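Notes for the one structure printed next.
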Amino acid sequence: MSGLSQRIQALKVASTIAFNAKALELKRAGVDVIAMTAGEPDFQPPAHVLEAAVEAVRLGLTKYTASEGTRDLRDAIAAKHARENALHYGADQVVVSTGGKQVLYNAFMALLEPGDEVIVPAPYWVTYPAQIELAGGVTVAVPTSAGDGFVPDPERVAAAITPRTKAILLNSPNNPTGAVYPEAVLQAIADLAESHDLWLVTDELYEHIVYEGAFTPVARYYPERTLLVHGASKGYALTGWRIGWGCGPQRLIAAMGKLQGQVTSNANAVAQYATQVALTEVERTAQFQSMTRGAYRERRDVIVRGLNALGLRTPVPQGAFYVMSDISPIHADENVAAIRLLEQAHVAVVPGTDFAAPGFARLSYACSMEQIETALTRIEGLLA
């Protein structure tokens, strides 16, 4: 009897999705749950971007586009990276996909042979190892520590390189820790990749949510074999619009585009046009990003101060909109602690298990200040 493939049976449901689903289930049952699980801005997209989507419909821009994305959007993406990051790409070095997840999946499928290793600093986003394994690769986690702000040590990265290593995957600003990697660390890791003839894949979707220090694009140091992954979901609050993009060497981008042409073809046409406007209406978009970043910073300060005051050790994140908090005072097993938080305090968090962060949980502060303060009160009651 035929059954499901082994690779699908071995694939785990992302814990971020699973705990968010549990929170929604309780909400439907009438329980007042504060969900701090999803990585989604609670702001509506900029008004001019919403207007652009309506304009696209009126103009009839609702048909298939080129599989790799419209030329206008790819030009706008290239212009954004030249303007903001001093990185220079041609249109044939840019591919637009259905969210950053598809960019990453296409990249791993294009790069990896069975048994190839990908070095990933941990804690890491839960999707990375799942996608690497679907492509036949092996995830090699390099631990970081809360005491060091979850910043990877280049010497540890170097020690993890073997003859099977194919790529190093970086994510700064980081999900789930909020760490922003210093320029010296990025340059050292880029030098390692170059000296060992490895690929660099860099997830930079949280670029516009940095509070202290400067954001540094690692592609600046090793453009020949670096894939930059970006998108409209976080800094532009266009999560459900599903627009991601990859920039890098033309041969890799062409391979990713060839795969995409046989799987999904083009990303949503209306969302492509709206994203193009987000990237070209520079001043209006920058005002929106400044406003949201200011709000996130205020929320971050409140939640970090509150959790530490409760005895839940929580490093200060420099970017993104997450904190990684040590929830072992609630229970030594982070999964049990997360369930207690959900069922007894009615605060939904994501345990650190799938992030490779035992004892910790990720809390998203992309929610209102009132919800954050109420969550802290409820956690205090549970600890008491």
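Residue numbering restarts at 1 for every chain of the structure tokens, chains are lettered A, B, ... in their displayed order, and ligands are numbered from 1 as they appear.
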If we count only C-alpha atoms, what is near A:Glu380 at a cut-off of 9 Å, once residues fewer than 5 positions away on the same chain are taken out, given as a PDB file with N, CA and C atoms, in the first residue's frame?
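The resulting file, around37.pdb, is shown below:
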ATOM      1  N   LEU A 307      10.042  41.615  32.507  1.00  0.00           N
ATOM      2  CA  LEU A 307      10.410  40.210  32.637  1.00  0.00           C
ATOM      3  C   LEU A 307      11.613  40.033  33.556  1.00  0.00           C
ATOM      4  N   LEU A 310      10.712  40.227  37.113  1.00  0.00           N
ATOM      5  CA  LEU A 310      10.034  39.022  37.597  1.00  0.00           C
ATOM      6  C   LEU A 310      10.989  37.844  37.772  1.00  0.00           C
ATOM      7  N   ALA A 345      -1.939  31.290  32.829  1.00  0.00           N
ATOM      8  CA  ALA A 345      -1.838  32.752  32.773  1.00  0.00           C
ATOM      9  C   ALA A 345      -2.511  33.322  31.533  1.00  0.00           C
ATOM     10  N   ALA A 375       0.003  41.124  30.112  1.00  0.00           N
ATOM     11  CA  ALA A 375       0.749  39.848  30.106  1.00  0.00           C
ATOM     12  C   ALA A 375       1.728  39.792  31.258  1.00  0.00           C
TER      13      ALA A 375
END
Please, which residues in stretch 246-293 of chain A fall within 12 Å of stretch 196-204 of chain A when counting only C-alpha atoms, and what is the closest atom pair and distance in Å to one decimal for each, ordered by chain then residue number, as a tab-separated table?
residue	atom	partner	partner_atom	distance
A:Gly246	CA	A:Asp203	CA	9.4
A:Cys247	CA	A:Thr202	CA	10.1
A:Gly248	CA	A:Val201	CA	9.5
A:Pro249	CA	A:Trp199	CA	10.6
A:Leu252	CA	A:Trp199	CA	10.4
Once DSSP has gone over the backbone, tell me which residues of stretch 22-80 of chain A are in alpha helix (DSSP H), as a PDB file with C-alpha atoms, in the first residue's frame.
ATOM      1  CA  LYS A  22      -3.487  26.680  20.448  1.00  0.00           C
ATOM      2  CA  ALA A  23      -3.909  30.322  21.425  1.00  0.00           C
ATOM      3  CA  LEU A  24      -6.532  30.843  18.710  1.00  0.00           C
ATOM      4  CA  GLU A  25      -8.366  27.706  19.833  1.00  0.00           C
ATOM      5  CA  LEU A  26      -8.632  29.047  23.373  1.00  0.00           C
ATOM      6  CA  LYS A  27      -9.771  32.430  22.056  1.00  0.00           C
ATOM      7  CA  ARG A  28     -12.540  30.769  20.069  1.00  0.00           C
ATOM      8  CA  ALA A  47      -1.616  54.270   3.497  1.00  0.00           C
ATOM      9  CA  HIS A  48       0.153  54.961   0.200  1.00  0.00           C
ATOM     10  CA  VAL A  49       0.866  51.247  -0.216  1.00  0.00           C
ATOM     11  CA  LEU A  50      -2.780  50.349   0.384  1.00  0.00           C
ATOM     12  CA  GLU A  51      -3.772  52.986  -2.170  1.00  0.00           C
ATOM     13  CA  ALA A  52      -1.312  51.477  -4.644  1.00  0.00           C
ATOM     14  CA  ALA A  53      -2.980  48.065  -4.327  1.00  0.00           C
ATOM     15  CA  VAL A  54      -6.351  49.624  -5.170  1.00  0.00           C
ATOM     16  CA  GLU A  55      -4.731  51.437  -8.098  1.00  0.00           C
ATOM     17  CA  ALA A  56      -3.284  48.158  -9.381  1.00  0.00           C
ATOM     18  CA  VAL A  57      -6.760  46.620  -9.490  1.00  0.00           C
ATOM     19  CA  ARG A  58      -8.176  49.660 -11.278  1.00  0.00           C
ATOM     20  CA  ARG A  71      10.935  44.205 -14.170  1.00  0.00           C
ATOM     21  CA  ASP A  72       9.720  47.380 -12.426  1.00  0.00           C
ATOM     22  CA  LEU A  73       9.707  45.703  -9.012  1.00  0.00           C
ATOM     23  CA  ARG A  74      13.090  44.084  -9.537  1.00  0.00           C
ATOM     24  CA  ASP A  75      14.520  47.447 -10.580  1.00  0.00           C
ATOM     25  CA  ALA A  76      12.986  49.033  -7.450  1.00  0.00           C
ATOM     26  CA  ILE A  77      14.544  46.301  -5.275  1.00  0.00           C
ATOM     27  CA  ALA A  78      17.948  46.845  -6.876  1.00  0.00           C
ATOM     28  CA  ALA A  79      17.616  50.611  -6.343  1.00  0.00           C
ATOM     29  CA  LYS A  80      16.673  50.090  -2.667  1.00  0.00           C
TER      30      LYS A  80
END
Strand (DSSP E) per DSSP on the backbone: members of stretch 65-305 of chain A, as a ChimeraX atom specification: /A:94-97,117-122,138-143,165-171,199-203,226-231,244-247
Keeping C-alpha atoms for every residue in the selection just given, could you write it to a file as a PDB file, in the first residue's frame?
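Result file part_35.pdb:
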ATOM      1  CA  VAL A  94      16.979  39.704  -8.341  1.00  0.00           C
ATOM      2  CA  VAL A  95      14.135  37.197  -8.010  1.00  0.00           C
ATOM      3  CA  VAL A  96      10.744  37.920  -6.397  1.00  0.00           C
ATOM      4  CA  SER A  97       8.994  35.045  -4.631  1.00  0.00           C
ATOM      5  CA  GLU A 117      26.049  20.787   5.651  1.00  0.00           C
ATOM      6  CA  VAL A 118      24.765  24.278   6.419  1.00  0.00           C
ATOM      7  CA  ILE A 119      26.158  26.060   9.476  1.00  0.00           C
ATOM      8  CA  VAL A 120      23.498  28.024  11.358  1.00  0.00           C
ATOM      9  CA  PRO A 121      24.064  30.032  14.571  1.00  0.00           C
ATOM     10  CA  ALA A 122      21.557  29.025  17.257  1.00  0.00           C
ATOM     11  CA  VAL A 138      22.182  18.736   7.262  1.00  0.00           C
ATOM     12  CA  THR A 139      21.873  21.589   9.751  1.00  0.00           C
ATOM     13  CA  VAL A 140      24.975  22.188  11.864  1.00  0.00           C
ATOM     14  CA  ALA A 141      24.014  24.405  14.812  1.00  0.00           C
ATOM     15  CA  VAL A 142      26.639  26.690  16.343  1.00  0.00           C
ATOM     16  CA  PRO A 143      25.393  27.741  19.801  1.00  0.00           C
ATOM     17  CA  THR A 165      30.082  22.255   4.577  1.00  0.00           C
ATOM     18  CA  LYS A 166      28.350  24.002   1.674  1.00  0.00           C
ATOM     19  CA  ALA A 167      27.002  27.208   3.212  1.00  0.00           C
ATOM     20  CA  ILE A 168      26.739  29.430   6.271  1.00  0.00           C
ATOM     21  CA  LEU A 169      23.313  30.893   7.070  1.00  0.00           C
ATOM     22  CA  LEU A 170      23.105  34.188   8.964  1.00  0.00           C
ATOM     23  CA  ASN A 171      20.067  36.090  10.247  1.00  0.00           C
ATOM     24  CA  TRP A 199      28.110  30.109   0.092  1.00  0.00           C
ATOM     25  CA  LEU A 200      26.670  32.711   2.445  1.00  0.00           C
ATOM     26  CA  VAL A 201      22.893  32.992   2.813  1.00  0.00           C
ATOM     27  CA  THR A 202      21.802  36.053   4.799  1.00  0.00           C
ATOM     28  CA  ASP A 203      18.230  36.632   5.992  1.00  0.00           C
ATOM     29  CA  THR A 226      26.268  35.699  -1.004  1.00  0.00           C
ATOM     30  CA  LEU A 227      22.503  35.382  -1.367  1.00  0.00           C
ATOM     31  CA  LEU A 228      20.653  38.247   0.330  1.00  0.00           C
ATOM     32  CA  VAL A 229      17.112  37.319   1.390  1.00  0.00           C
ATOM     33  CA  HIS A 230      14.685  40.144   2.081  1.00  0.00           C
ATOM     34  CA  GLY A 231      11.001  40.957   1.821  1.00  0.00           C
ATOM     35  CA  GLY A 244       9.937  38.227  -0.648  1.00  0.00           C
ATOM     36  CA  TRP A 245      13.018  38.645  -2.785  1.00  0.00           C
ATOM     37  CA  GLY A 246      16.514  37.318  -3.219  1.00  0.00           C
ATOM     38  CA  CYS A 247      19.547  39.173  -4.561  1.00  0.00           C
TER      39      CYS A 247
END
For A:Gln131, the nearest of the candidates A:Leu238, A:Ala14, A:Val185, A:Val349, counting only C-alpha atoms: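 Checking each of A:Leu238, A:Ala14, A:Val185, A:Val349 against A:Gln131, counting only C-alpha atoms, the winner is A:Ala14.
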From A:Met324, A:Val218, A:Leu205, A:Leu112, residue lying nearest A:Ala188 [only C-alpha atoms]: A:Val218
List the spatial neighbours of A:Asn308 as a PDB file with C-alpha atoms, in the first residue's frame - criterion: any atom at most 12 Å away, only C-alpha atoms, same-chain residues fewer than 6 positions off excluded.
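Resulting contents of around_8.pdb:
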ATOM      1  CA  ASP A 301      11.870  48.520  26.975  1.00  0.00           C
ATOM      2  CA  VAL A 302       8.712  47.757  28.954  1.00  0.00           C
ATOM      3  CA  THR A 314      15.857  38.478  29.314  1.00  0.00           C
ATOM      4  CA  PRO A 315      18.689  40.052  27.290  1.00  0.00           C
ATOM      5  CA  VAL A 316      17.926  43.386  25.604  1.00  0.00           C
ATOM      6  CA  VAL A 323      12.653  38.785  23.293  1.00  0.00           C
ATOM      7  CA  MET A 324      14.166  35.473  24.332  1.00  0.00           C
ATOM      8  CA  SER A 325      13.362  34.976  27.989  1.00  0.00           C
ATOM      9  CA  ASP A 326      14.628  32.331  30.402  1.00  0.00           C
ATOM     10  CA  ILE A 327      11.379  30.722  31.616  1.00  0.00           C
ATOM     11  CA  PRO A 329      11.728  29.623  36.947  1.00  0.00           C
ATOM     12  CA  LEU A 376       3.388  40.895  32.649  1.00  0.00           C
ATOM     13  CA  ILE A 379       2.969  36.147  34.450  1.00  0.00           C
ATOM     14  CA  GLU A 380       3.614  37.704  37.851  1.00  0.00           C
TER      15      GLU A 380
END
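When only C-alpha atoms are used to compute distances to A:Phe355, the closest of the residues A:Arg340, A:Tyr124, A:Thr292, A:Ser265 turns out to be A:Tyr124.
Put simply, atom CA of A:Ala214 is 21.0 Å away from atom CA of A:Ala237.
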Pick out the closest residue to A:Asn266 from this set: A:Arg251, A:Arg242, A:Arg313, A:His81. Count only C-alpha atoms.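 Of A:Arg251, A:Arg242, A:Arg313, A:His81, the one nearest A:Asn266 is A:Arg242, counting only C-alpha atoms.
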Which residue of A:Ile303, A:Val151, A:Ala309, A:Val31 approaches A:Leu383 most closely, using only C-alpha atoms: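 Answer, going by the shortest atom-to-atom distance: A:Ala309.
Distance annotation: of A:Trp241, A:Ala158, A:Val347, A:Leu186, the residue with the minimal separation from A:Ala269 is A:Trp241; atom set is only C-alpha atoms.
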